$ cat coords29.txt   # compact mmCIF, C-alpha atoms
# COMPACT_ATOMS: atom_id res chain seq x y z
CA MET A 284 12.56 16.83 -9.25
CA ASP A 285 12.11 17.96 -5.65
CA ALA A 286 13.52 21.39 -6.52
CA LEU A 287 11.09 21.71 -9.42
CA VAL A 288 8.18 20.65 -7.27
CA ASN A 289 9.07 23.11 -4.53
CA LYS A 290 9.22 25.86 -7.12
CA ARG A 291 5.73 24.94 -8.30
CA VAL A 292 4.49 24.77 -4.72
CA LYS A 293 5.72 28.31 -4.14
CA GLN A 294 3.94 29.46 -7.30
CA VAL A 295 0.71 27.84 -6.15
CA LEU A 296 1.09 29.52 -2.76
CA LYS A 297 1.35 32.85 -4.57
CA GLY A 298 -1.96 32.13 -6.25
CA ASP A 299 -0.79 30.61 -9.53
CA LYS A 300 -3.32 27.85 -9.97
CA ASP A 301 -1.84 26.64 -13.27
CA ALA A 302 1.37 25.66 -11.53
CA PHE A 303 -0.69 23.06 -9.71
CA ALA A 304 -1.53 21.32 -12.99
CA GLU A 305 2.16 20.55 -13.41
CA ILE A 306 2.25 19.02 -9.96
CA VAL A 307 -0.72 16.84 -10.85
CA ASP A 308 0.95 15.80 -14.11
CA LEU A 309 4.05 14.72 -12.22
CA TYR A 310 2.32 12.58 -9.63
CA GLN A 311 -0.95 11.48 -11.23
CA HIS A 312 0.12 7.97 -12.20
CA ARG A 313 1.70 7.14 -8.86
CA LEU A 314 -1.28 8.40 -6.94
CA PHE A 315 -3.78 6.75 -9.22
CA GLN A 316 -1.91 3.46 -8.95
CA VAL A 317 -1.82 3.47 -5.17
CA CYS A 318 -5.56 4.23 -5.06
CA TYR A 319 -6.31 1.56 -7.62
CA ARG A 320 -4.37 -1.08 -5.71
CA MET A 321 -6.01 -0.06 -2.44
CA LEU A 322 -9.56 0.10 -3.78
CA GLY A 323 -9.45 -2.40 -6.62
CA ASN A 324 -11.60 -0.38 -8.96
CA ARG A 325 -10.61 2.21 -11.54
CA HIS A 326 -13.64 4.40 -11.08
CA GLU A 327 -13.20 4.75 -7.33
CA ALA A 328 -9.44 5.09 -7.71
CA GLU A 329 -9.95 7.99 -10.08
CA ASP A 330 -12.36 9.69 -7.71
CA ILE A 331 -10.14 9.27 -4.64
CA ALA A 332 -6.90 10.18 -6.42
CA GLN A 333 -8.55 13.35 -7.73
CA GLU A 334 -9.88 14.12 -4.29
CA ALA A 335 -6.36 13.67 -2.88
CA PHE A 336 -5.04 16.33 -5.26
CA VAL A 337 -7.91 18.66 -4.41
CA ARG A 338 -7.12 18.27 -0.70
CA ALA A 339 -3.44 18.85 -1.40
CA PHE A 340 -4.31 22.04 -3.25
CA ILE A 341 -6.57 23.34 -0.51
CA ASN A 342 -4.05 22.50 2.22
CA ILE A 343 -0.86 23.30 0.36
CA HIS A 344 0.06 26.00 2.89
CA THR A 345 0.42 23.24 5.50
CA PHE A 346 3.03 21.37 3.44
CA ASP A 347 6.48 21.63 4.99
CA GLN A 348 8.79 22.35 2.07
CA LYS A 349 11.75 20.81 3.85
CA ARG A 350 10.01 17.46 3.39
CA LYS A 351 9.31 15.39 0.33
CA PHE A 352 6.16 16.42 -1.50
CA SER A 353 5.43 12.88 -2.69
CA THR A 354 5.44 11.63 0.93
CA TRP A 355 2.86 14.23 1.86
CA LEU A 356 0.75 13.44 -1.18
CA TYR A 357 0.86 9.69 -0.57
CA ARG A 358 -0.24 10.30 3.01
CA ILE A 359 -3.29 12.23 1.89
CA ALA A 360 -4.17 9.57 -0.68
CA THR A 361 -3.70 6.54 1.57
CA ASN A 362 -5.76 8.16 4.32
CA LEU A 363 -8.58 8.83 1.87
CA CYS A 364 -8.41 5.25 0.59
CA ILE A 365 -8.61 3.82 4.09
CA ASP A 366 -11.58 6.07 4.91
CA ARG A 367 -13.30 4.88 1.76
CA ILE A 368 -12.61 1.21 2.52
CA ARG A 369 -13.94 1.57 6.06
CA LYS A 370 -17.08 3.32 4.89
CA LYS A 371 -17.83 0.43 2.59
CA LYS A 372 -17.52 -2.10 5.38
CA PRO A 373 -20.39 -2.89 7.70
CA ASP A 374 -20.70 -1.01 10.95
CA TYR A 375 -19.13 -3.40 13.41
CA PHE A 376 -15.65 -2.84 14.69
CA LEU A 377 -13.44 -4.71 12.28
CA ASP A 378 -10.34 -4.93 14.41
CA ALA A 379 -12.22 -6.44 17.32
CA GLU A 380 -11.40 -10.03 18.01
CA VAL A 381 -14.25 -12.42 17.57
CA LYS A 382 -15.12 -14.03 20.88
CA GLY A 383 -13.67 -17.45 21.42
CA THR A 384 -11.57 -17.37 18.26
CA GLU A 385 -8.14 -16.32 19.32
CA GLY A 386 -6.37 -14.27 16.70
CA LEU A 387 -9.39 -14.19 14.46
CA ASN A 388 -11.06 -10.87 13.88
CA MET A 389 -13.79 -9.62 11.63
CA TYR A 390 -11.33 -9.22 8.78
CA SER A 391 -10.58 -12.88 8.69
CA GLN A 392 -14.29 -13.59 8.90
CA ILE A 393 -14.98 -11.36 5.93
CA ALA A 394 -12.08 -12.74 3.98
CA ALA A 395 -13.27 -16.26 4.67
CA SER A 396 -16.80 -15.52 3.54
CA ASP A 397 -15.49 -13.79 0.42
CA ASP A 398 -13.56 -16.86 -0.71
CA LEU A 399 -14.04 -17.56 -4.36
CA PRO A 400 -14.55 -21.21 -5.21
CA GLU A 401 -11.44 -22.85 -6.59
CA GLU A 402 -12.75 -23.20 -10.13
CA GLU A 403 -13.52 -19.46 -10.18
CA LEU A 404 -10.05 -18.64 -8.92
CA MET A 405 -8.45 -20.75 -11.62
CA LYS A 406 -10.27 -18.74 -14.25
CA LEU A 407 -8.83 -15.42 -13.10
CA GLU A 408 -6.12 -13.85 -15.22
CA LEU A 409 -2.88 -13.29 -13.32
CA GLN A 410 -3.43 -9.53 -12.98
CA ASP A 411 -6.95 -10.01 -11.65
CA ARG A 412 -5.68 -12.66 -9.30
CA ILE A 413 -3.01 -10.33 -7.91
CA GLN A 414 -5.59 -7.62 -7.32
CA TYR A 415 -7.99 -10.12 -5.74
CA GLU A 416 -5.39 -11.41 -3.29
CA ILE A 417 -4.28 -7.87 -2.39
CA SER A 418 -7.86 -6.82 -1.80
CA ARG A 419 -8.30 -9.65 0.70
CA LEU A 420 -5.57 -8.31 2.94
CA PRO A 421 -6.64 -6.32 6.00
CA ASP A 422 -6.24 -2.65 5.03
CA LYS A 423 -3.30 -2.07 7.40
CA TYR A 424 -1.26 -4.76 5.70
CA ARG A 425 -2.58 -3.91 2.27
CA THR A 426 -1.35 -0.32 2.51
CA ALA A 427 2.14 -1.39 3.54
CA ILE A 428 2.40 -4.08 0.87
CA VAL A 429 1.11 -1.79 -1.88
CA LEU A 430 3.56 0.99 -0.96
CA LYS A 431 6.46 -1.42 -0.72
CA TYR A 432 5.95 -3.68 -3.72
CA MET A 433 3.80 -1.71 -6.12
CA GLU A 434 5.05 1.79 -5.50
CA GLU A 435 8.50 0.41 -4.68
CA LEU A 436 9.08 2.75 -1.76
CA SER A 437 11.65 2.28 0.98
CA LEU A 438 10.59 1.19 4.46
CA GLN A 439 11.73 4.60 5.72
CA GLU A 440 9.51 6.41 3.24
CA ILE A 441 6.55 4.18 4.07
CA SER A 442 7.07 4.93 7.74
CA GLU A 443 6.91 8.68 6.98
CA ILE A 444 3.83 8.32 4.78
CA LEU A 445 1.93 6.30 7.36
CA GLU A 446 3.38 8.26 10.29
CA LEU A 447 4.27 4.99 11.97
CA PRO A 448 7.53 3.84 13.55
CA LEU A 449 9.76 1.83 11.23
CA GLY A 450 9.29 -1.26 13.39
CA THR A 451 5.51 -1.11 12.97
CA VAL A 452 5.86 -0.81 9.20
CA LYS A 453 8.14 -3.86 9.14
CA THR A 454 5.67 -5.84 11.21
CA ARG A 455 2.84 -4.94 8.83
CA ILE A 456 4.84 -5.95 5.81
CA HIS A 457 5.88 -9.19 7.46
CA ARG A 458 2.30 -9.99 8.39
CA GLY A 459 1.13 -8.99 4.95
CA ARG A 460 3.59 -11.39 3.35
CA GLU A 461 2.55 -14.18 5.73
CA ALA A 462 -1.14 -13.52 5.04
CA LEU A 463 -0.53 -13.68 1.30
CA ARG A 464 1.46 -16.84 1.73
CA LYS A 465 -1.48 -18.46 3.48
CA GLN A 466 -3.94 -17.18 0.89
CA LEU A 467 -1.84 -18.48 -1.97
CA SER A 468 -0.80 -21.76 -0.44
CA LYS A 469 -4.42 -22.87 -0.64
CA GLN A 470 -3.86 -22.70 -4.36
CA PRO A 471 -0.90 -24.91 -5.25
CA HIS A 472 -1.28 -23.69 -8.80
CA TYR A 473 0.28 -20.39 -7.80
CA LEU A 474 2.86 -21.40 -5.25
CA MET B 170 8.08 -26.52 11.57
CA ASN B 171 6.52 -25.90 14.96
CA ALA B 172 9.72 -27.11 16.56
CA CYS B 173 11.72 -24.35 14.87
CA PRO B 174 12.24 -21.13 16.79
CA GLU B 175 10.00 -18.29 15.67
CA ARG B 176 13.19 -16.36 15.31
CA ILE B 177 13.90 -18.18 12.06
CA VAL B 178 10.74 -16.76 10.49
CA HIS B 179 11.79 -13.30 11.67
CA LEU B 180 15.14 -13.81 9.99
CA MET B 181 13.37 -14.79 6.77
CA HIS B 182 11.52 -11.49 6.80
CA ASP B 183 14.63 -9.51 7.65
CA TYR B 184 16.25 -11.22 4.71
CA LEU B 185 13.37 -10.27 2.40
CA ASP B 186 13.56 -6.69 3.66
CA GLY B 187 17.23 -6.67 2.77
CA GLU B 188 17.97 -5.87 6.36
CA ILE B 189 19.85 -8.83 7.66
CA SER B 190 23.32 -8.90 9.12
CA ARG B 191 25.93 -11.23 7.66
CA GLU B 192 25.88 -13.22 10.86
CA HIS B 193 22.09 -13.67 10.84
CA GLU B 194 22.10 -14.52 7.18
CA LEU B 195 24.55 -17.34 7.83
CA GLU B 196 22.40 -18.55 10.70
CA LEU B 197 19.33 -18.54 8.47
CA LYS B 198 21.07 -20.32 5.61
CA SER B 199 22.48 -23.02 7.78
CA HIS B 200 19.06 -23.59 9.32
CA LEU B 201 17.38 -23.77 5.91
CA GLN B 202 19.88 -26.36 4.75
CA SER B 203 18.87 -28.66 7.53
CA CYS B 204 15.14 -27.94 7.76
CA PHE B 205 12.84 -28.83 4.93
CA ASP B 206 9.77 -27.11 6.39
CA CYS B 207 11.51 -23.79 6.87
CA GLN B 208 13.00 -24.10 3.41
CA ALA B 209 9.49 -24.50 1.99
CA HIS B 210 8.30 -21.53 4.06
CA MET B 211 11.12 -19.38 2.71
CA HIS B 212 10.32 -20.43 -0.86
CA GLU B 213 6.69 -19.56 -0.41
CA LEU B 214 7.56 -16.14 0.94
CA SER B 215 9.89 -15.47 -1.98
CA ASP B 216 7.12 -16.55 -4.32
CA VAL B 217 4.71 -14.15 -2.60
CA VAL B 218 7.12 -11.30 -3.27
CA ALA B 219 7.48 -12.30 -6.92
CA PHE B 220 3.70 -12.66 -7.22
CA VAL B 221 2.99 -9.17 -5.85
CA LYS B 222 5.79 -7.62 -7.87
CA GLY B 223 4.16 -9.10 -10.95
CA ALA B 224 1.43 -6.48 -10.71
CA ALA B 225 1.34 -4.38 -13.86
CA HIS B 226 1.79 -0.64 -13.58
CA VAL B 227 -1.50 1.14 -13.93
CA GLU B 228 -1.84 4.66 -15.27
CA ALA B 229 -4.29 7.43 -14.63
CA PRO B 230 -6.66 8.14 -17.54
CA GLY B 231 -5.59 10.77 -20.07
CA TYR B 232 -7.97 13.47 -18.87
CA PHE B 233 -6.92 13.10 -15.22
CA THR B 234 -5.18 16.46 -14.73
CA GLU B 235 -8.03 18.38 -16.39
CA SER B 236 -10.51 16.63 -14.13
CA VAL B 237 -8.53 17.59 -11.03
CA MET B 238 -8.23 21.19 -12.18
CA ALA B 239 -11.97 21.32 -12.78
CA ARG B 240 -12.57 20.09 -9.23
CA LEU B 241 -10.42 22.74 -7.56
CA PRO B 242 -12.28 25.45 -5.66
CA LYS B 243 -13.17 28.28 -8.05
CA GLU B 244 -11.67 31.24 -6.23
CA LYS B 245 -8.53 30.51 -4.31
CA SER B 246 -8.91 31.88 -0.84
CA HIS B 247 -5.78 33.77 0.15
CA ALA B 248 -7.11 34.52 3.58
CA GLY B 249 -5.74 31.26 4.96
CA PHE B 250 -2.11 32.10 4.42
CA SER B 251 -1.82 35.83 3.80
CA ARG B 252 -3.00 36.83 7.22

$ encode --input "coords29.txt" --output "structure tokens"
Amino acid sequence: MDALVNKRVKQVLKGDKDAFAEIVDLYQHRLFQVCYRMLGNRHEAEDIAQEAFVRAFINIHTFDQKRKFSTWLYRIATNLCIDRIRKKKPDYFLDAEVKGTEGLNMYSQIAASDDLPEEELMKLELQDRIQYEISRLPDKYRTAIVLKYMEELSLQEISEILELPLGTVKTRIHRGREALRKQLSKQPHYL
Amino acid sequence: MNACPERIVHLMHDYLDGEISREHELELKSHLQSCFDCQAHMHELSDVVAFVKGAAHVEAPGYFTESVMARLPKEKSHAGFSR
């Protein structure tokens, strides 16, 4: 597959736009899925996944063909998703710790205020529930968890996509799992 | 559980990552056998993994590729890489 993709990349570089359609065909579902899981909404996911391909096309000359094309594409898409998520959030600095609440930051505040009442939660279908819980994760953890468990990528690949050391990726996945554990343990129905 | 070393939780995550040495795995298992709280913690983490993995695959809509192609810049600029 990598050989085929590199062939298509070379064709695109030579000005063959149609070769790019084949690249899109190959990766559309993976990229759409990652955007959908990050953003939680099909319409936005479609927009951002398309935008990721457009950016890839425009910047294809910067792609290092010794590397994996999917890694590069995932990086573009996850960066766009995170930009979109941050634009939707209010203006204050989300990572900042809230004064006098050690370990609590604006994310936890938002998550807390977004809590659905228990009877509403119980009504959610499993798939909606999964998406709801994922969407409550801070975006750093969400990205790592989505890439690991929904895209089923290796820790090494995730580290290349996010351009983070392997240790940092592990920490984010660990914290993501712990955060989900806490979210779900409030609902004995699920755990 | 507060009495248990934090290290045990780290081992749980190493285990879930599939990156645990034989020696550490034995340490973790022997601890879990004697500690109900950590056992519950481990179960919950395994359940979290199963929960997230239960997410259905989603697919891009049928017209996706056409939409991308329509969004590409009209004339490809060669200037960027033919210089």

$ closest_residue --input "coords29.txt" --among "B:His210, B:Met238, B:Arg191, B:Lys243" --to "Phe336 of chain A" --atoms "only C-alpha atoms"
B:Met238

$ interface_residues --input "coords29.txt" --of "chain A" --to "chain B" --cutoff "7 Å" --atoms "all atoms listed in the file" --output "mmCIF file with C-alpha atoms, keeping the file's coordinate frame"
data_model
loop_
_atom_site.group_PDB
_atom_site.id
_atom_site.type_symbol
_atom_site.label_atom_id
_atom_site.label_comp_id
_atom_site.auth_asym_id
_atom_site.auth_seq_id
_atom_site.Cartn_x
_atom_site.Cartn_y
_atom_site.Cartn_z
ATOM 1 C CA ALA A 304 -1.530 21.320 -12.990
ATOM 2 C CA VAL A 307 -0.720 16.840 -10.850
ATOM 3 C CA ASP A 308 0.950 15.800 -14.110
ATOM 4 C CA GLN A 311 -0.950 11.480 -11.230
ATOM 5 C CA HIS A 312 0.120 7.970 -12.200
ATOM 6 C CA PHE A 315 -3.780 6.750 -9.220
ATOM 7 C CA GLN A 316 -1.910 3.460 -8.950
ATOM 8 C CA GLN A 333 -8.550 13.350 -7.730
ATOM 9 C CA PHE A 336 -5.040 16.330 -5.260
ATOM 10 C CA VAL A 337 -7.910 18.660 -4.410
ATOM 11 C CA HIS A 344 0.060 26.000 2.890
ATOM 12 C CA GLN A 410 -3.430 -9.530 -12.980
ATOM 13 C CA ILE A 413 -3.010 -10.330 -7.910
ATOM 14 C CA TYR A 432 5.950 -3.680 -3.720
ATOM 15 C CA MET A 433 3.800 -1.710 -6.120
ATOM 16 C CA HIS A 457 5.880 -9.190 7.460
ATOM 17 C CA ARG A 460 3.590 -11.390 3.350
ATOM 18 C CA LEU A 463 -0.530 -13.680 1.300
ATOM 19 C CA ARG A 464 1.460 -16.840 1.730
ATOM 20 C CA LEU A 474 2.860 -21.400 -5.250
#

$ axis_aligned_box --input "coords29.txt" --around "segment 179-196 of chain B" --padding-each-side "3 Å" --output "lines of an AutoDock Vina configuration file"
center_x = 18.7
center_y = -12.2
center_z = 7.0
size_x = 20.4
size_y = 18.7
size_z = 15.3

$ closest_residue --input "coords29.txt" --among "A:Met284, A:Val292, A:Ile331, A:Val317" --to "Gln414 of chain A" --atoms "only C-alpha atoms"
A:Val317

$ atom_distance --input "coords29.txt" --atom1 "atom CA of Leu363 of chain A" --atom2 "atom CA of Ala335 of chain A"
7.1 Å

$ residues_around --input "coords29.txt" --residues "Lys423 of chain A" --least-positions-apart "4" --cutoff "10 Å" --atoms "all atoms listed in the file" --output "list in words"
Ile365, Ala427, Ile428, Leu445, Val452, Arg455, Ile456, Arg458 and Gly459 of chain A

$ residues_near_point --input "coords29.txt" --point "(8.1, 24.3, -5.6)" --cutoff "12 Å" --atoms "only C-alpha atoms" --output "tab-separated table (two decimals) with C-alpha atoms, in the coordinates of the input"
chain	number	residue	atom	x	y	z
A	284	MET	CA	12.56	16.83	-9.25
A	285	ASP	CA	12.11	17.96	-5.65
A	286	ALA	CA	13.52	21.39	-6.52
A	287	LEU	CA	11.09	21.71	-9.42
A	288	VAL	CA	8.18	20.65	-7.27
A	289	ASN	CA	9.07	23.11	-4.53
A	290	LYS	CA	9.22	25.86	-7.12
A	291	ARG	CA	5.73	24.94	-8.30
A	292	VAL	CA	4.49	24.77	-4.72
A	293	LYS	CA	5.72	28.31	-4.14
A	294	GLN	CA	3.94	29.46	-7.30
A	295	VAL	CA	0.71	27.84	-6.15
A	296	LEU	CA	1.09	29.52	-2.76
A	297	LYS	CA	1.35	32.85	-4.57
A	299	ASP	CA	-0.79	30.61	-9.53
A	302	ALA	CA	1.37	25.66	-11.53
A	303	PHE	CA	-0.69	23.06	-9.71
A	305	GLU	CA	2.16	20.55	-13.41
A	306	ILE	CA	2.25	19.02	-9.96
A	343	ILE	CA	-0.86	23.30	0.36
A	344	HIS	CA	0.06	26.00	2.89
A	346	PHE	CA	3.03	21.37	3.44
A	347	ASP	CA	6.48	21.63	4.99
A	348	GLN	CA	8.79	22.35	2.07
A	349	LYS	CA	11.75	20.81	3.85
A	350	ARG	CA	10.01	17.46	3.39
A	351	LYS	CA	9.31	15.39	0.33
A	352	PHE	CA	6.16	16.42	-1.50

$ residues_around --input "coords29.txt" --residues "Glu443 of chain A" --least-positions-apart "6" --cutoff "12 Å" --atoms "all atoms listed in the file" --output "ChimeraX atom specification"
/A:350-359,427,430,436-437,449,451-452

$ decode --input "coords29.txt" --residues "segment 203-251 of chain B" --atoms "C-alpha atoms" --output "PDB file, in the first residue's frame"
ATOM      1  CA  SER B 203      -4.067  -9.754  47.746  1.00  0.00           C
ATOM      2  CA  CYS B 204      -5.648  -6.328  47.209  1.00  0.00           C
ATOM      3  CA  PHE B 205      -9.324  -6.021  46.511  1.00  0.00           C
ATOM      4  CA  ASP B 206      -9.232  -2.286  45.757  1.00  0.00           C
ATOM      5  CA  CYS B 207      -6.506  -2.596  43.152  1.00  0.00           C
ATOM      6  CA  GLN B 208      -8.292  -5.574  41.673  1.00  0.00           C
ATOM      7  CA  ALA B 209     -11.414  -3.438  41.262  1.00  0.00           C
ATOM      8  CA  HIS B 210      -9.320  -0.637  39.752  1.00  0.00           C
ATOM      9  CA  MET B 211      -7.798  -3.039  37.239  1.00  0.00           C
ATOM     10  CA  HIS B 212     -11.238  -4.372  36.312  1.00  0.00           C
ATOM     11  CA  GLU B 213     -12.553  -0.891  35.759  1.00  0.00           C
ATOM     12  CA  LEU B 214      -9.635  -0.023  33.515  1.00  0.00           C
ATOM     13  CA  SER B 215     -10.150  -3.184  31.466  1.00  0.00           C
ATOM     14  CA  ASP B 216     -13.819  -2.289  31.182  1.00  0.00           C
ATOM     15  CA  VAL B 217     -12.889   1.198  29.972  1.00  0.00           C
ATOM     16  CA  VAL B 218     -10.809  -0.339  27.200  1.00  0.00           C
ATOM     17  CA  ALA B 219     -13.649  -2.669  26.202  1.00  0.00           C
ATOM     18  CA  PHE B 220     -16.101   0.246  26.326  1.00  0.00           C
ATOM     19  CA  VAL B 221     -14.018   2.449  24.018  1.00  0.00           C
ATOM     20  CA  LYS B 222     -13.252  -0.425  21.677  1.00  0.00           C
ATOM     21  CA  GLY B 223     -16.991  -0.941  21.367  1.00  0.00           C
ATOM     22  CA  ALA B 224     -17.198   2.167  19.215  1.00  0.00           C
ATOM     23  CA  ALA B 225     -18.595   1.318  15.797  1.00  0.00           C
ATOM     24  CA  HIS B 226     -16.547   2.103  12.728  1.00  0.00           C
ATOM     25  CA  VAL B 227     -17.844   5.163  10.986  1.00  0.00           C
ATOM     26  CA  GLU B 228     -17.475   5.780   7.278  1.00  0.00           C
ATOM     27  CA  ALA B 229     -17.187   8.889   5.200  1.00  0.00           C
ATOM     28  CA  PRO B 230     -20.265   9.667   3.077  1.00  0.00           C
ATOM     29  CA  GLY B 231     -20.348   8.289  -0.462  1.00  0.00           C
ATOM     30  CA  TYR B 232     -19.644  11.591  -2.193  1.00  0.00           C
ATOM     31  CA  PHE B 233     -16.623  12.359  -0.005  1.00  0.00           C
ATOM     32  CA  THR B 234     -13.870  12.068  -2.626  1.00  0.00           C
ATOM     33  CA  GLU B 235     -15.798  14.180  -5.150  1.00  0.00           C
ATOM     34  CA  SER B 236     -16.306  16.853  -2.518  1.00  0.00           C
ATOM     35  CA  VAL B 237     -12.588  16.948  -1.743  1.00  0.00           C
ATOM     36  CA  MET B 238     -11.698  17.136  -5.427  1.00  0.00           C
ATOM     37  CA  ALA B 239     -14.133  20.005  -5.873  1.00  0.00           C
ATOM     38  CA  ARG B 240     -12.457  21.865  -3.012  1.00  0.00           C
ATOM     39  CA  LEU B 241      -8.940  21.595  -4.416  1.00  0.00           C
ATOM     40  CA  PRO B 242      -7.439  24.804  -5.796  1.00  0.00           C
ATOM     41  CA  LYS B 243      -8.426  25.176  -9.458  1.00  0.00           C
ATOM     42  CA  GLU B 244      -5.027  25.616 -11.057  1.00  0.00           C
ATOM     43  CA  LYS B 245      -2.237  23.719  -9.427  1.00  0.00           C
ATOM     44  CA  SER B 246       0.630  26.069  -8.834  1.00  0.00           C
ATOM     45  CA  HIS B 247       3.873  24.450  -9.927  1.00  0.00           C
ATOM     46  CA  ALA B 248       5.916  27.410  -8.833  1.00  0.00           C
ATOM     47  CA  GLY B 249       6.255  26.028  -5.318  1.00  0.00           C
ATOM     48  CA  PHE B 250       8.235  22.976  -6.287  1.00  0.00           C
ATOM     49  CA  SER B 251       9.555  23.466  -9.804  1.00  0.00           C
TER      50      SER B 251
END
